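Worksheet for the structure shown next.
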Amino acid sequence: MGAGHAHVLYRESTSPVHRLPPEVKIAAMVLFTLAVVATPRAAFWAFGGYALLVAVVAALARVGPGWLLRRAAIELPFVLFAFALPFLGAGERVDVAGLSLSVDGLLGGWNIIAKGTLGVLASLLLAATTTTRDLIVGLDRLRCPQILTQIATFMLRYLDVLVGEARRMRVARVSRGDDPRFLWQLRGFAAGIGALFLRAFERGERVYLAMVSRGYSGRMPAVWQGAGAATAGQWLAGAVVPLVAATIAGSAVVLQ
Amino acid sequence: METLAMHISNGIVNGPVAALFAVLALAVLALCVLRGRRDLDDRLAPMAGLVAAFIFAVQMLNFPIFTAGVSGHLLGGALAAMLVGPWVGALCVAVVLVVQALVFGDGGVAMLGLNISNMAVLGTAAAYLLITLLLRVLPRTPAGLGVTAFVSALVSVVVASQGFVLQYWLGGTTDLGGNLAGLAGTMAGAHLLIGIGEGLITATTVVTVAKVRPDLVYALRALKPAAPAPVVPVAGGAR
């Protein structure tokens, strides 16, 4: 656990987006998503605008399109749901290539694909440019209640503890002659899940007590030291994306 | 949406309903923050973190249910209610959902209110009500505790899945016509199966923890404040 706490999605870089304080990025991402969701679904050009905006930010953050698209595959189940909607939906129907499709279902499917994908891309960009530690610091500076940031801090730290303990227990099983293949691996894992929880807790408790004995009182030092908090200029720079998105959403509503 | 391998994503439910549930979720979470602060001591803080991490990890396990073309995942509300209590427990699940939405794009940020209402609020509340009820009725043995954990986990998952049906009925972006009953049935059936898996994991975990460290199980602490450990340690651990 010594080598920083960057998560799998973080892309090491020093781009302008990486250097922006986390609270600015979180706020911009949430506002952008809200603007996207508020857009009427038939305003197709607006979604093109959002996609362009995402592409510009991705280019600034030096995150490649290939990486983004591969990671966006998490959304695939929704795409399947969206494809089912034209068949399930009620109301007016159109014939496309011999299939009777619901107009409402087609628009609804488009709605889910467009808004879902833009939301996933926005959060991937946040993840790619922000370490988990910065994320917590950002949430704290956005006045998130301390009990929540505290739980989140420990959650992200203990994920590593859990994975580490699970690996140790697997090594212990294998070194005692357990040699499962494929699905049978699950059996040993499931039988030991209670023990895994307990081991992880006891290790986690020691981590916590070590933190407390070194002066931890519920907040990370970076927060109360106040260094690196966003300046007015950085807030302005971060506000560009949500402002553009809000303008697009506003004109889409007006033009509808 | 839970049925489709992840949480409700942007655009599935319309804006006003999402906003309504966001307000509801915020109000309940504010109450949880107030009540949870009292609970969160030096023993509960690491436990809350670990419970959240555990839920985060098990929510990655998705169970495909092929017949319906859907899948779902474990929710963890019952485990949280059992080990850290309803207030901190709901906060744990909410934190998991917020981090998943912000960083992993799992569940839309604009739909967080819906996801938190279903999984953190409804799921945990249903689980905790059942836990307090069943712990009173059932014998105070590891088996009784296991049954309590299993049943409350099972019911909480199904209840949470029906929360989505309610939200879709109120503000689904696509009119499914008469298919809403079908959606409710599919969700309930799928989550019954998931609930069995969740119940087994919750029961195993809680019984193990109660055997070795009964002081860590919040539900037992609330039940018998100053009494000795209700569950006797058994040689050989969980099984």
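Chains: A, B, ... in order of the structure tokens. Residues: from 1 per chain. Ligands: from 1, in order shown.
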
Could I get the residues of chain A with an atom no further than 7 Å from an atom of chain B, each paired with its nearest atom pair and that distance in Å to one decimal, using only C-alpha atoms, sorted by chain and residue number, as CSV?
```
residue,atom,partner,partner_atom,distance
A:Val30,CA,B:Val109,CA,6.5
A:Thr33,CA,B:Ala110,CA,6.5
A:Leu34,CA,B:Ala110,CA,5.7
A:Val37,CA,B:Gly11,CA,6.2
A:Ala38,CA,B:Gly15,CA,6.6
A:Pro77,CA,B:Leu4,CA,5.4
A:Phe78,CA,B:Leu4,CA,6.4
A:Leu88,CA,B:Leu176,CA,6.2
A:Gly89,CA,B:Leu176,CA,4.7
A:Ala90,CA,B:Gly177,CA,5.1
A:Asp104,CA,B:Thr174,CA,6.2
A:Gly105,CA,B:Thr174,CA,5.9
A:Gly108,CA,B:Thr174,CA,5.2
A:Asn111,CA,B:Gly11,CA,5.9
A:Ile112,CA,B:Gly11,CA,4.9
A:Lys115,CA,B:Asn10,CA,5.5
A:Gly116,CA,B:Asn10,CA,4.8
A:Gly119,CA,B:Gly108,CA,6.1
A:Val120,CA,B:Gly105,CA,4.4
A:Ser123,CA,B:Gly105,CA,5.1
A:Leu124,CA,B:Val103,CA,6.3
A:Leu126,CA,B:Val103,CA,6.5
A:Ala127,CA,B:Val103,CA,4.8
A:Ile147,CA,B:Val33,CA,6.9
A:Leu148,CA,B:Val95,CA,6.6
A:Ile151,CA,B:Gly49,CA,5.0
A:Ala152,CA,B:Val95,CA,6.1
A:Phe154,CA,B:Gly49,CA,4.4
A:Met155,CA,B:Gly49,CA,4.4
A:Leu156,CA,B:Ala53,CA,6.7
A:Tyr158,CA,B:Leu50,CA,5.8
A:Leu159,CA,B:Ala53,CA,5.2
A:Ile193,CA,B:Thr205,CA,6.5
A:Gly194,CA,B:Thr205,CA,4.0
A:Ala195,CA,B:Thr208,CA,6.8
A:Phe197,CA,B:Thr205,CA,6.9
A:Leu198,CA,B:Val209,CA,6.3
A:Phe201,CA,B:Leu50,CA,6.5
A:Gly204,CA,B:Pro46,CA,6.4
A:Glu205,CA,B:Pro46,CA,5.8
A:Tyr208,CA,B:Pro46,CA,6.3
```

Item to complete: Give the helix (DSSP H, G or I) residues of segment 124-219 of chain A, as DSSP finds them on the backbone, and put them as a ChimeraX atom specification.
Response: /A:124-129,132-141,146-175,182-191,193-213

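The smallest atom-to-atom distance between Pro21 of chain A and any of A:Val163, A:Ala237, A:Ala42, A:Ala200, using only C-alpha atoms, is found for A:Ala237.
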
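The space separating atom CA of Ala80 of chain B from atom CA of Ala126 of chain B comes to 12.0 Å.
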
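In this model, the gap between atom CA of Phe164 of chain B and atom CA of Val17 of chain B comes to 11.6 Å.
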